[in-house]
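Trainee: TSV, C-alpha atoms, saved as protein.tsv, coming up:
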```
chain	number	residue	atom	x	y	z
A	27	MET	CA	-12.14	-2.14	16.05
A	28	GLY	CA	-12.48	-5.23	13.92
A	29	THR	CA	-9.84	-7.95	14.13
A	30	PRO	CA	-6.66	-7.19	16.09
A	31	ALA	CA	-3.57	-7.34	13.91
A	32	GLY	CA	-2.29	-10.82	13.36
A	33	SER	CA	-4.99	-12.48	15.47
A	34	ALA	CA	-6.71	-14.29	12.64
A	35	VAL	CA	-5.45	-17.54	11.20
A	36	PRO	CA	-3.71	-17.05	7.83
A	37	SER	CA	-5.41	-18.67	4.89
A	38	SER	CA	-4.86	-18.64	1.14
A	39	ALA	CA	-7.12	-16.85	-1.30
A	40	SER	CA	-6.95	-16.06	-4.97
A	41	SER	CA	-6.06	-12.45	-5.75
A	42	PRO	CA	-9.17	-10.49	-6.76
A	43	GLY	CA	-8.96	-8.95	-10.17
A	44	ALA	CA	-5.63	-10.60	-10.89
A	45	ALA	CA	-6.53	-12.39	-14.11
A	46	SER	CA	-4.41	-11.00	-16.91
A	47	PRO	CA	-5.91	-9.96	-20.24
A	48	GLY	CA	-4.53	-10.74	-23.65
A	49	GLY	CA	-2.36	-13.67	-22.62
A	50	ALA	CA	-0.06	-11.60	-20.40
A	51	ALA	CA	2.20	-13.34	-17.91
A	52	ALA	CA	0.15	-15.23	-15.33
A	53	PRO	CA	-0.12	-13.61	-11.89
A	54	PRO	CA	0.75	-15.40	-8.67
A	55	ALA	CA	-1.99	-18.01	-8.12
A	56	LYS	CA	-2.51	-17.29	-4.44
A	57	ALA	CA	-1.62	-14.74	-1.82
A	58	PRO	CA	-2.08	-15.29	1.91
A	59	THR	CA	-4.95	-13.51	3.63
A	60	LEU	CA	-6.28	-13.46	7.17
A	61	ALA	CA	-9.45	-15.29	8.12
A	62	PRO	CA	-12.53	-13.09	8.66
A	63	GLY	CA	-12.87	-11.42	12.02
A	64	PRO	CA	-15.81	-11.59	14.43
A	65	ASN	CA	-19.19	-11.72	12.67
A	66	GLY	CA	-17.41	-12.04	9.33
A	67	LEU	CA	-15.80	-8.60	9.43
A	68	THR	CA	-12.94	-7.88	7.05
A	69	PRO	CA	-9.73	-8.77	8.93
A	70	VAL	CA	-7.16	-6.07	9.68
A	71	PHE	CA	-3.38	-6.56	9.59
A	72	GLU	CA	-0.95	-4.04	11.10
A	73	ARG	CA	2.19	-5.95	12.01
A	74	THR	CA	3.20	-9.60	11.94
A	75	LYS	CA	2.62	-11.57	15.10
A	76	GLN	CA	6.14	-13.00	14.62
A	77	HIS	CA	8.06	-10.31	16.49
A	78	THR	CA	11.50	-11.94	16.48
A	79	ASP	CA	12.18	-12.29	12.74
A	80	LYS	CA	13.93	-9.13	11.56
A	81	THR	CA	11.76	-8.53	8.54
A	82	VAL	CA	10.14	-5.25	7.56
A	83	ALA	CA	7.72	-4.28	4.81
A	84	LEU	CA	8.06	-0.89	3.14
A	85	THR	CA	4.70	0.04	1.63
A	86	PHE	CA	4.03	2.94	-0.70
A	87	ASP	CA	0.65	4.59	-1.28
A	88	ALA	CA	0.23	5.74	-4.88
A	89	ASP	CA	-2.45	8.33	-4.17
A	90	MET	CA	-4.60	10.17	-6.64
A	91	THR	CA	-8.19	11.18	-6.01
A	92	SER	CA	-10.86	10.85	-8.67
A	93	ASP	CA	-11.12	14.63	-9.10
A	94	GLN	CA	-7.41	15.42	-9.53
A	95	GLY	CA	-7.26	14.84	-13.28
A	96	PRO	CA	-7.14	18.58	-14.08
A	97	ARG	CA	-4.19	19.01	-11.72
A	98	ALA	CA	-2.33	16.17	-13.44
A	99	ALA	CA	-3.16	17.68	-16.82
A	100	SER	CA	-1.65	20.98	-15.70
A	101	GLY	CA	1.63	19.29	-14.81
A	102	GLU	CA	1.33	18.16	-11.19
A	103	ARG	CA	3.08	14.80	-10.74
A	104	PHE	CA	1.31	12.20	-8.66
A	105	ASP	CA	3.83	9.54	-9.69
A	106	ASN	CA	7.41	8.99	-8.56
A	107	PRO	CA	9.36	6.92	-11.10
A	108	GLU	CA	12.67	7.82	-9.42
A	109	LEU	CA	11.48	6.14	-6.23
A	110	ILE	CA	10.48	2.98	-8.09
A	111	ALA	CA	13.84	2.96	-9.88
A	112	THR	CA	15.67	3.28	-6.55
A	113	LEU	CA	13.69	0.40	-5.04
A	114	ARG	CA	14.70	-1.71	-8.04
A	115	THR	CA	18.34	-0.66	-7.83
A	116	LEU	CA	18.46	-1.40	-4.09
A	117	GLN	CA	16.52	-4.64	-4.66
A	118	VAL	CA	13.86	-3.84	-2.07
A	119	PRO	CA	10.72	-5.98	-2.41
A	120	SER	CA	7.79	-3.64	-1.80
A	121	THR	CA	4.01	-3.42	-1.76
A	122	VAL	CA	2.43	-0.51	-3.65
A	123	PHE	CA	-1.06	0.42	-2.51
A	124	MET	CA	-2.39	1.98	-5.69
A	125	THR	CA	-5.59	3.88	-6.36
A	126	GLY	CA	-7.49	2.99	-9.50
A	127	ARG	CA	-7.39	6.61	-10.59
A	128	TRP	CA	-3.57	6.57	-10.33
A	129	ALA	CA	-3.45	3.44	-12.51
A	130	GLU	CA	-5.62	5.21	-15.10
A	131	GLU	CA	-3.40	8.30	-15.08
A	132	TYR	CA	-0.14	6.33	-15.30
A	133	PRO	CA	-1.05	3.02	-16.99
A	134	ASP	CA	2.46	2.34	-18.26
A	135	GLN	CA	3.90	2.74	-14.77
A	136	ALA	CA	1.08	0.69	-13.24
A	137	LYS	CA	1.85	-2.11	-15.68
A	138	SER	CA	5.61	-1.84	-15.09
A	139	ILE	CA	5.16	-2.05	-11.32
A	140	GLY	CA	2.49	-4.72	-11.59
A	141	THR	CA	4.55	-7.05	-13.78
A	142	ASP	CA	7.79	-6.71	-11.81
A	143	PRO	CA	8.31	-9.59	-9.33
A	144	ASN	CA	9.99	-7.10	-7.01
A	145	PHE	CA	6.57	-5.52	-6.36
A	146	GLU	CA	3.02	-6.44	-5.56
A	147	VAL	CA	0.07	-4.12	-6.23
A	148	ALA	CA	-2.58	-3.76	-3.55
A	149	ASN	CA	-5.84	-1.83	-3.57
A	150	HIS	CA	-6.04	1.70	-2.14
A	151	SER	CA	-9.57	2.31	-3.52
A	152	TYR	CA	-10.38	3.85	-6.88
A	153	SER	CA	-11.21	7.38	-5.78
A	154	HIS	CA	-9.18	7.89	-2.56
A	155	HIS	CA	-12.37	9.16	-0.97
A	156	ALA	CA	-13.09	8.33	2.66
A	157	PHE	CA	-14.75	5.07	3.65
A	158	LYS	CA	-15.43	6.54	7.11
A	159	SER	CA	-16.10	10.19	7.93
A	160	PRO	CA	-14.55	12.41	9.11
A	161	CYS	CA	-11.20	11.49	7.57
A	162	TYR	CA	-8.71	14.30	7.03
A	163	GLY	CA	-11.20	16.31	4.99
A	164	LEU	CA	-11.65	13.63	2.32
A	165	PRO	CA	-15.05	13.43	0.63
A	166	ALA	CA	-17.00	10.46	1.99
A	167	LEU	CA	-18.51	7.53	0.09
A	168	ASP	CA	-21.76	5.88	1.09
A	169	PRO	CA	-21.57	2.11	1.78
A	170	ALA	CA	-22.67	0.99	-1.69
A	171	ALA	CA	-20.28	3.40	-3.40
A	172	ALA	CA	-17.44	2.33	-1.11
A	173	ARG	CA	-17.91	-1.34	-1.95
A	174	ALA	CA	-18.05	-0.59	-5.69
A	175	ASP	CA	-14.94	1.60	-5.38
A	176	VAL	CA	-12.86	-1.43	-4.42
A	177	ASP	CA	-13.96	-3.42	-7.46
A	178	ARG	CA	-13.41	-0.43	-9.73
A	179	ALA	CA	-9.80	-0.16	-8.56
A	180	PHE	CA	-9.08	-3.83	-9.26
A	181	ALA	CA	-10.64	-3.35	-12.71
A	182	ALA	CA	-8.33	-0.38	-13.37
A	183	PHE	CA	-5.31	-2.52	-12.48
A	184	ARG	CA	-6.46	-5.20	-14.92
A	185	THR	CA	-6.96	-2.65	-17.67
A	186	ALA	CA	-3.46	-1.26	-17.13
A	187	GLY	CA	-2.00	-4.79	-17.28
A	188	ALA	CA	-0.85	-5.04	-13.65
A	189	VAL	CA	-0.99	-8.76	-12.92
A	190	ASN	CA	0.93	-8.99	-9.63
A	191	THR	CA	-2.10	-7.88	-7.65
A	192	VAL	CA	-2.87	-9.13	-4.15
A	193	PRO	CA	-6.14	-9.20	-2.16
A	194	TYR	CA	-5.11	-6.46	0.24
A	195	PHE	CA	-6.87	-3.13	0.80
A	196	ARG	CA	-5.71	0.05	2.51
A	197	PHE	CA	-8.35	2.54	3.58
A	198	PRO	CA	-7.80	6.09	2.31
A	199	GLY	CA	-6.41	8.02	5.24
A	200	GLY	CA	-6.32	4.77	7.18
A	201	CYS	CA	-9.84	5.61	8.43
A	202	TYR	CA	-12.19	2.72	9.17
A	203	ASP	CA	-14.59	1.29	11.74
A	204	ASP	CA	-16.60	-1.89	12.13
A	205	ALA	CA	-19.27	-0.59	9.75
A	206	THR	CA	-16.73	-0.17	6.95
A	207	LEU	CA	-15.18	-3.57	7.70
A	208	ARG	CA	-18.67	-5.03	7.32
A	209	VAL	CA	-19.19	-3.24	4.00
A	210	LEU	CA	-15.95	-4.70	2.63
A	211	SER	CA	-16.59	-8.24	3.87
A	212	THR	CA	-17.83	-9.47	0.48
A	213	ALA	CA	-14.66	-8.21	-1.24
A	214	LYS	CA	-12.65	-11.02	0.42
A	215	VAL	CA	-9.68	-8.76	1.11
A	216	THR	CA	-7.44	-8.25	4.12
A	217	ALA	CA	-7.27	-4.62	5.25
A	218	VAL	CA	-3.66	-3.57	5.75
A	219	GLN	CA	-2.75	-0.76	8.12
A	220	TRP	CA	0.74	-0.08	9.53
A	221	ASP	CA	2.65	0.34	12.77
A	222	VAL	CA	5.28	2.83	11.52
A	223	VAL	CA	4.32	6.22	10.08
A	224	SER	CA	7.17	7.59	8.00
A	225	GLY	CA	5.96	11.18	8.08
A	226	ASP	CA	6.93	11.62	4.42
A	227	ALA	CA	3.65	13.29	3.42
A	228	PHE	CA	4.48	16.93	2.63
A	229	ALA	CA	7.86	16.55	4.34
A	230	LYS	CA	10.83	18.60	3.16
A	231	ASP	CA	13.62	16.98	5.17
A	232	PRO	CA	14.58	13.45	4.06
A	233	ASP	CA	16.79	13.00	7.11
A	234	ALA	CA	13.82	13.58	9.42
A	235	VAL	CA	11.74	11.04	7.48
A	236	ALA	CA	14.54	8.49	7.61
A	237	GLU	CA	15.06	9.03	11.31
A	238	GLN	CA	11.36	8.58	12.06
A	239	VAL	CA	11.32	5.26	10.21
A	240	LEU	CA	14.57	4.02	11.72
A	241	THR	CA	13.35	4.89	15.20
A	242	GLY	CA	9.99	3.17	14.72
A	243	VAL	CA	10.86	-0.06	12.94
A	244	LYS	CA	10.63	-3.31	14.90
A	245	PRO	CA	10.74	-6.91	13.67
A	246	GLY	CA	7.64	-7.51	11.56
A	247	SER	CA	6.84	-3.82	11.04
A	248	VAL	CA	4.79	-2.36	8.21
A	249	VAL	CA	5.99	1.14	7.21
A	250	VAL	CA	3.64	3.50	5.38
A	251	MET	CA	5.23	5.82	2.82
A	252	HIS	CA	4.05	7.46	-0.40
A	253	CYS	CA	4.74	7.17	-4.12
A	254	THR	CA	3.50	10.65	-5.10
A	255	ARG	CA	6.07	13.31	-5.88
A	256	SER	CA	3.82	16.32	-5.40
A	257	ALA	CA	2.68	15.23	-1.93
A	258	ALA	CA	5.83	13.43	-0.76
A	259	PRO	CA	8.82	14.96	-2.55
A	260	VAL	CA	11.64	13.60	-0.35
A	261	THR	CA	10.62	9.94	-0.09
A	262	GLU	CA	13.13	8.63	-2.62
A	263	GLU	CA	16.01	10.36	-0.86
A	264	ALA	CA	14.81	9.08	2.52
A	265	VAL	CA	14.63	5.51	1.19
A	266	ARG	CA	18.27	5.72	0.11
A	267	LYS	CA	19.12	6.41	3.77
A	268	ILE	CA	16.69	3.95	5.34
A	269	VAL	CA	17.51	0.83	3.34
A	270	PRO	CA	21.26	0.51	3.97
A	271	GLU	CA	20.88	1.38	7.64
A	272	LEU	CA	18.18	-1.23	8.26
A	273	ARG	CA	20.23	-3.82	6.39
A	274	LYS	CA	23.19	-2.92	8.58
A	275	ARG	CA	20.94	-3.64	11.57
A	276	GLY	CA	20.16	-7.08	10.17
A	277	TYR	CA	16.74	-6.42	8.66
A	278	ARG	CA	15.43	-8.11	5.54
A	279	PHE	CA	12.88	-6.33	3.32
A	280	VAL	CA	9.75	-8.26	2.34
A	281	LYS	CA	6.39	-7.63	0.74
A	282	VAL	CA	3.28	-7.51	2.89
A	283	SER	CA	2.27	-10.92	1.54
A	284	GLU	CA	5.33	-12.49	3.18
A	285	LEU	CA	4.50	-10.90	6.53
A	286	ILE	CA	0.89	-12.05	6.36
A	287	GLY	CA	2.01	-15.54	5.37
A	288	LYS	CA	4.12	-15.99	8.52
```
Hey, can you dump this file as structure tokens for me?
Mentor:
Amino acid sequence: MGTPAGSAVPSSASSPGAASPGGAAAPPAKAPTLAPGPNGLTPVFERTKQHTDKTVALTFDADMTSDQGPRAASGERFDNPELIATLRTLQVPSTVFMTGRWAEEYPDQAKSIGTDPNFEVANHSYSHHAFKSPCYGLPALDPAAARADVDRAFAAFRTAGAVNTVPYFRFPGGCYDDATLRVLSTAKVTAVQWDVVSGDAFAKDPDAVAEQVLTGVKPGSVVVMHCTRSAAPVTEEAVRKIVPELRKRGYRFVKVSELIGK
């Protein structure tokens, strides 16, 4: 469906929604994107076409749906500051796919992540509702609402003060088809999927998560993980096992933008 990973010619595009308010530090001027697919469809990236360079991108979905505010108010934690601290300590450049609702709930953390050169903030929708149905039981958006949801997320990042935003979008649940790629075409984003599933969602064994990642990673891989404590409680511990082992194997950690720019 859509453009095969890495088949489009990389181009440069300004980051949507990246302008910083109030004289904050200027964001990166450009981030690489893929050229549109057939019939102008939003391009899809899963893994770099350069399969010999031992680079790998760890990506983290900061999930929160638009209706989970009451759960957050009652004490459920959709953030994971310990994970972010560990990534900083280990000096692992990372891409955080953030929902707009998450940025609203944790604006200080969104700003901290989005002003740290170690990270780049990508769009994971505002609501974390499905862009294609069925999709793991997520409520579905109609095409107009889906397109507006992307803009609303970028606006939430701006409001929080996250300036290191990039024009990349990850579909909630990873669910998409050509119709959704057509809907997003005017957003001028590259859709980013993955080739390695960490299995950290609702996992209880960090060793199993680490082993799944270490078994799946190849040069140019994109790994999907989560930055939500309530839904992925062992991710931070798994990362502390994954990072040194991959470095021992000769891998270098990069952001998605570096993979797309190859």
Trainee: When you count only C-alpha atoms, which of these residues is closest to A:Leu167: A:Ala264, A:Val209, A:Met251, A:Val70?
Mentor: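 Distance minimum relative to A:Leu167 lands on A:Val209.
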Trainee: Write out as a short mmCIF file (atom, residue, chain, number, x, y, z; two decimals) with C-alpha atoms, in the coordinates of the input the residues lying within 8 Å of A:Met90, counting all atoms listed in the file and excluding same-chain residues fewer than 5 positions away.
Mentor:
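Written file, out_16.cif:
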```cif
data_model
loop_
_atom_site.label_atom_id
_atom_site.label_comp_id
_atom_site.auth_asym_id
_atom_site.auth_seq_id
_atom_site.Cartn_x
_atom_site.Cartn_y
_atom_site.Cartn_z
CA PHE A 104 1.31 12.20 -8.66
CA THR A 125 -5.59 3.88 -6.36
CA ARG A 127 -7.39 6.61 -10.59
CA TRP A 128 -3.57 6.57 -10.33
CA SER A 153 -11.21 7.38 -5.78
CA HIS A 154 -9.18 7.89 -2.56
#
```
Trainee: Point out the residue among A:Pro245, A:Pro270, A:Pro96, A:Pro259 with the least atom-to-atom distance to A:Ala83, counting all atoms listed in the file.
Mentor: A:Pro245
Trainee: With distances taken over all atoms listed in the file, which of A:Thr59, A:Thr206, A:Gln135, A:Ser247 is nearest to A:Thr81?
Mentor: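 Nearest to A:Thr81: A:Ser247.
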Trainee: Between atom CA of A:Ala148 and atom CA of A:Ile286, what distance in Å does the model show, to one decimal?
Mentor: 13.4 Å
Trainee: Go through A:Pro119, A:Pro62, A:Gly126, A:Gly276 one by one, measure the shortest atom-to-atom distance of each to A:Lys80 using all atoms listed in the file, and give the residue with the smallest value.
Mentor: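 Closest candidate: A:Gly276.
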Trainee: What does the structure give for the distance between atom CA of A:Arg73 and atom CA of A:Leu285, in Å to one decimal?
Mentor: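 Separation between atom CA of A:Arg73 and atom CA of A:Leu285: 7.7 Å.
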Trainee: Taking only C-alpha atoms into account, name the residue in A:Ile110, A:Gln238, A:Asp226, A:Pro58 that is nearest to A:Phe71.
Mentor: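 Ranked by minimum distance to A:Phe71, first place goes to A:Pro58.
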Trainee: Separation of atom CA of A:Asp105 and atom CA of A:His252, in Å?
Mentor: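 So the two atoms, atom CA of A:Asp105 and atom CA of A:His252, lie 9.5 Å apart.
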Trainee: Please return as a PDB file with C-alpha atoms, keeping the file's coordinate frame every residue within 10 Å of (16.4, -5.2, 7.2), taking into account all atoms listed in the file and the file's own coordinates.
Mentor:
```
ATOM      1  CA  ASP A  79      12.180 -12.290  12.740  1.00  0.00           C
ATOM      2  CA  LYS A  80      13.930  -9.130  11.560  1.00  0.00           C
ATOM      3  CA  THR A  81      11.760  -8.530   8.540  1.00  0.00           C
ATOM      4  CA  VAL A  82      10.140  -5.250   7.560  1.00  0.00           C
ATOM      5  CA  ALA A  83       7.720  -4.280   4.810  1.00  0.00           C
ATOM      6  CA  VAL A 118      13.860  -3.840  -2.070  1.00  0.00           C
ATOM      7  CA  VAL A 243      10.860  -0.060  12.940  1.00  0.00           C
ATOM      8  CA  LYS A 244      10.630  -3.310  14.900  1.00  0.00           C
ATOM      9  CA  PRO A 245      10.740  -6.910  13.670  1.00  0.00           C
ATOM     10  CA  ILE A 268      16.690   3.950   5.340  1.00  0.00           C
ATOM     11  CA  VAL A 269      17.510   0.830   3.340  1.00  0.00           C
ATOM     12  CA  PRO A 270      21.260   0.510   3.970  1.00  0.00           C
ATOM     13  CA  GLU A 271      20.880   1.380   7.640  1.00  0.00           C
ATOM     14  CA  LEU A 272      18.180  -1.230   8.260  1.00  0.00           C
ATOM     15  CA  ARG A 273      20.230  -3.820   6.390  1.00  0.00           C
ATOM     16  CA  LYS A 274      23.190  -2.920   8.580  1.00  0.00           C
ATOM     17  CA  ARG A 275      20.940  -3.640  11.570  1.00  0.00           C
ATOM     18  CA  GLY A 276      20.160  -7.080  10.170  1.00  0.00           C
ATOM     19  CA  TYR A 277      16.740  -6.420   8.660  1.00  0.00           C
ATOM     20  CA  ARG A 278      15.430  -8.110   5.540  1.00  0.00           C
ATOM     21  CA  PHE A 279      12.880  -6.330   3.320  1.00  0.00           C
ATOM     22  CA  VAL A 280       9.750  -8.260   2.340  1.00  0.00           C
TER      23      VAL A 280
END
```
Trainee: Using only C-alpha atoms, which residue out of A:Asp204, A:Glu130, A:Glu263, A:Glu284 lies closest to A:Pro64?
Mentor: A:Asp204
Trainee: List every protein, DNA or RNA residue that has an atom no more than 8 Å from (18.5, 11.0, 0.3) in the file's coordinate frame, counting only C-alpha atoms, and report them as a short mmCIF file (atom, residue, chain, number, x, y, z; two decimals) with C-alpha atoms, in the frame of the given file.
Mentor:
```
data_model
loop_
_atom_site.label_atom_id
_atom_site.label_comp_id
_atom_site.auth_asym_id
_atom_site.auth_seq_id
_atom_site.Cartn_x
_atom_site.Cartn_y
_atom_site.Cartn_z
CA PRO A 232 14.58 13.45 4.06
CA ASP A 233 16.79 13.00 7.11
CA VAL A 260 11.64 13.60 -0.35
CA THR A 261 10.62 9.94 -0.09
CA GLU A 262 13.13 8.63 -2.62
CA GLU A 263 16.01 10.36 -0.86
CA ALA A 264 14.81 9.08 2.52
CA VAL A 265 14.63 5.51 1.19
CA ARG A 266 18.27 5.72 0.11
CA LYS A 267 19.12 6.41 3.77
#
```
Trainee: With a distance cut-off of 12 Å and all atoms listed in the file, select the neighbouring residues of A:Lys281, excluding the residue or stretch itself and same-chain residues fewer than 6 positions from it, and output the selection as an MDAnalysis selection string.
Mentor: chainID A and resid 57:58 74 81:86 117:123 143:148 190:192 194 218 246:249 287:288
Trainee: Grab the residues selected above and save them as a PDB file, in the coordinates of the input with C-alpha atoms.
Mentor:
```pdb
ATOM      1  CA  ALA A  57      -1.620 -14.740  -1.820  1.00  0.00           C
ATOM      2  CA  PRO A  58      -2.080 -15.290   1.910  1.00  0.00           C
ATOM      3  CA  THR A  74       3.200  -9.600  11.940  1.00  0.00           C
ATOM      4  CA  THR A  81      11.760  -8.530   8.540  1.00  0.00           C
ATOM      5  CA  VAL A  82      10.140  -5.250   7.560  1.00  0.00           C
ATOM      6  CA  ALA A  83       7.720  -4.280   4.810  1.00  0.00           C
ATOM      7  CA  LEU A  84       8.060  -0.890   3.140  1.00  0.00           C
ATOM      8  CA  THR A  85       4.700   0.040   1.630  1.00  0.00           C
ATOM      9  CA  PHE A  86       4.030   2.940  -0.700  1.00  0.00           C
ATOM     10  CA  GLN A 117      16.520  -4.640  -4.660  1.00  0.00           C
ATOM     11  CA  VAL A 118      13.860  -3.840  -2.070  1.00  0.00           C
ATOM     12  CA  PRO A 119      10.720  -5.980  -2.410  1.00  0.00           C
ATOM     13  CA  SER A 120       7.790  -3.640  -1.800  1.00  0.00           C
ATOM     14  CA  THR A 121       4.010  -3.420  -1.760  1.00  0.00           C
ATOM     15  CA  VAL A 122       2.430  -0.510  -3.650  1.00  0.00           C
ATOM     16  CA  PHE A 123      -1.060   0.420  -2.510  1.00  0.00           C
ATOM     17  CA  PRO A 143       8.310  -9.590  -9.330  1.00  0.00           C
ATOM     18  CA  ASN A 144       9.990  -7.100  -7.010  1.00  0.00           C
ATOM     19  CA  PHE A 145       6.570  -5.520  -6.360  1.00  0.00           C
ATOM     20  CA  GLU A 146       3.020  -6.440  -5.560  1.00  0.00           C
ATOM     21  CA  VAL A 147       0.070  -4.120  -6.230  1.00  0.00           C
ATOM     22  CA  ALA A 148      -2.580  -3.760  -3.550  1.00  0.00           C
ATOM     23  CA  ASN A 190       0.930  -8.990  -9.630  1.00  0.00           C
ATOM     24  CA  THR A 191      -2.100  -7.880  -7.650  1.00  0.00           C
ATOM     25  CA  VAL A 192      -2.870  -9.130  -4.150  1.00  0.00           C
ATOM     26  CA  TYR A 194      -5.110  -6.460   0.240  1.00  0.00           C
ATOM     27  CA  VAL A 218      -3.660  -3.570   5.750  1.00  0.00           C
ATOM     28  CA  GLY A 246       7.640  -7.510  11.560  1.00  0.00           C
ATOM     29  CA  SER A 247       6.840  -3.820  11.040  1.00  0.00           C
ATOM     30  CA  VAL A 248       4.790  -2.360   8.210  1.00  0.00           C
ATOM     31  CA  VAL A 249       5.990   1.140   7.210  1.00  0.00           C
ATOM     32  CA  GLY A 287       2.010 -15.540   5.370  1.00  0.00           C
ATOM     33  CA  LYS A 288       4.120 -15.990   8.520  1.00  0.00           C
TER      34      LYS A 288
END
```
Trainee: Excluding A:Ala186 and residues on its chain fewer than 2 positions from it, collect all residues at most 12 Å away from it, counting all atoms listed in the file, and give them as a PyMOL selection string.
Mentor: chain A and resi 43-48+50+124+126-141+147+179-184+188-191
Trainee: Centre and edge lengths, as lines of an AutoDock Vina configuration file, for the axis-aligned box enclosing every listed atom of stretch 96-115 of chain A with 5 Å of padding on each of the six sides, in Å to one decimal?
Mentor:
```
center_x = 5.6
center_y = 9.6
center_z = -10.9
size_x = 35.5
size_y = 32.7
size_z = 21.8
```
Trainee: Please supply stretch 204-217 of chain A, rebuilt with N, CA, C and O atoms, as a PDB file, in the frame of the given file.
Mentor:
```pdb
ATOM      1  N   ASP A 204     -15.976  -0.597  12.367  1.00  0.00           N
ATOM      2  CA  ASP A 204     -16.600  -1.890  12.130  1.00  0.00           C
ATOM      3  C   ASP A 204     -17.610  -1.843  10.989  1.00  0.00           C
ATOM      4  O   ASP A 204     -17.780  -2.822  10.246  1.00  0.00           O
ATOM      5  N   ALA A 205     -18.288  -0.698  10.843  1.00  0.00           N
ATOM      6  CA  ALA A 205     -19.270  -0.590   9.750  1.00  0.00           C
ATOM      7  C   ALA A 205     -18.587  -0.703   8.394  1.00  0.00           C
ATOM      8  O   ALA A 205     -19.089  -1.378   7.492  1.00  0.00           O
ATOM      9  N   THR A 206     -17.431  -0.080   8.238  1.00  0.00           N
ATOM     10  CA  THR A 206     -16.730  -0.170   6.950  1.00  0.00           C
ATOM     11  C   THR A 206     -16.134  -1.566   6.756  1.00  0.00           C
ATOM     12  O   THR A 206     -16.080  -2.071   5.627  1.00  0.00           O
ATOM     13  N   LEU A 207     -15.690  -2.198   7.823  1.00  0.00           N
ATOM     14  CA  LEU A 207     -15.180  -3.570   7.700  1.00  0.00           C
ATOM     15  C   LEU A 207     -16.308  -4.512   7.295  1.00  0.00           C
ATOM     16  O   LEU A 207     -16.081  -5.480   6.569  1.00  0.00           O
ATOM     17  N   ARG A 208     -17.519  -4.210   7.721  1.00  0.00           N
ATOM     18  CA  ARG A 208     -18.670  -5.030   7.320  1.00  0.00           C
ATOM     19  C   ARG A 208     -18.986  -4.813   5.851  1.00  0.00           C
ATOM     20  O   ARG A 208     -19.288  -5.756   5.116  1.00  0.00           O
ATOM     21  N   VAL A 209     -18.922  -3.566   5.397  1.00  0.00           N
ATOM     22  CA  VAL A 209     -19.190  -3.240   4.000  1.00  0.00           C
ATOM     23  C   VAL A 209     -18.228  -3.984   3.076  1.00  0.00           C
ATOM     24  O   VAL A 209     -18.606  -4.483   2.012  1.00  0.00           O
ATOM     25  N   LEU A 210     -16.972  -4.076   3.479  1.00  0.00           N
ATOM     26  CA  LEU A 210     -15.950  -4.700   2.630  1.00  0.00           C
ATOM     27  C   LEU A 210     -15.915  -6.222   2.736  1.00  0.00           C
ATOM     28  O   LEU A 210     -15.155  -6.869   2.014  1.00  0.00           O
ATOM     29  N   SER A 211     -16.717  -6.810   3.598  1.00  0.00           N
ATOM     30  CA  SER A 211     -16.590  -8.240   3.870  1.00  0.00           C
ATOM     31  C   SER A 211     -16.757  -9.096   2.621  1.00  0.00           C
ATOM     32  O   SER A 211     -16.109 -10.133   2.480  1.00  0.00           O
ATOM     33  N   THR A 212     -17.607  -8.670   1.687  1.00  0.00           N
ATOM     34  CA  THR A 212     -17.830  -9.470   0.480  1.00  0.00           C
ATOM     35  C   THR A 212     -16.689  -9.332  -0.533  1.00  0.00           C
ATOM     36  O   THR A 212     -16.639 -10.084  -1.504  1.00  0.00           O
ATOM     37  N   ALA A 213     -15.787  -8.385  -0.324  1.00  0.00           N
ATOM     38  CA  ALA A 213     -14.660  -8.210  -1.240  1.00  0.00           C
ATOM     39  C   ALA A 213     -13.565  -9.260  -1.015  1.00  0.00           C
ATOM     40  O   ALA A 213     -12.680  -9.419  -1.864  1.00  0.00           O
ATOM     41  N   LYS A 214     -13.615  -9.957   0.128  1.00  0.00           N
ATOM     42  CA  LYS A 214     -12.650 -11.020   0.420  1.00  0.00           C
ATOM     43  C   LYS A 214     -11.212 -10.513   0.415  1.00  0.00           C
ATOM     44  O   LYS A 214     -10.303 -11.143  -0.133  1.00  0.00           O
ATOM     45  N   VAL A 215     -11.013  -9.336   1.013  1.00  0.00           N
ATOM     46  CA  VAL A 215      -9.680  -8.760   1.110  1.00  0.00           C
ATOM     47  C   VAL A 215      -9.261  -8.705   2.578  1.00  0.00           C
ATOM     48  O   VAL A 215     -10.091  -8.796   3.479  1.00  0.00           O
ATOM     49  N   THR A 216      -7.969  -8.560   2.793  1.00  0.00           N
ATOM     50  CA  THR A 216      -7.440  -8.250   4.120  1.00  0.00           C
ATOM     51  C   THR A 216      -7.090  -6.762   4.127  1.00  0.00           C
ATOM     52  O   THR A 216      -6.384  -6.283   3.230  1.00  0.00           O
ATOM     53  N   ALA A 217      -7.605  -6.041   5.107  1.00  0.00           N
ATOM     54  CA  ALA A 217      -7.270  -4.620   5.250  1.00  0.00           C
ATOM     55  C   ALA A 217      -5.891  -4.509   5.879  1.00  0.00           C
ATOM     56  O   ALA A 217      -5.608  -5.165   6.883  1.00  0.00           O
TER      57      ALA A 217
END
```
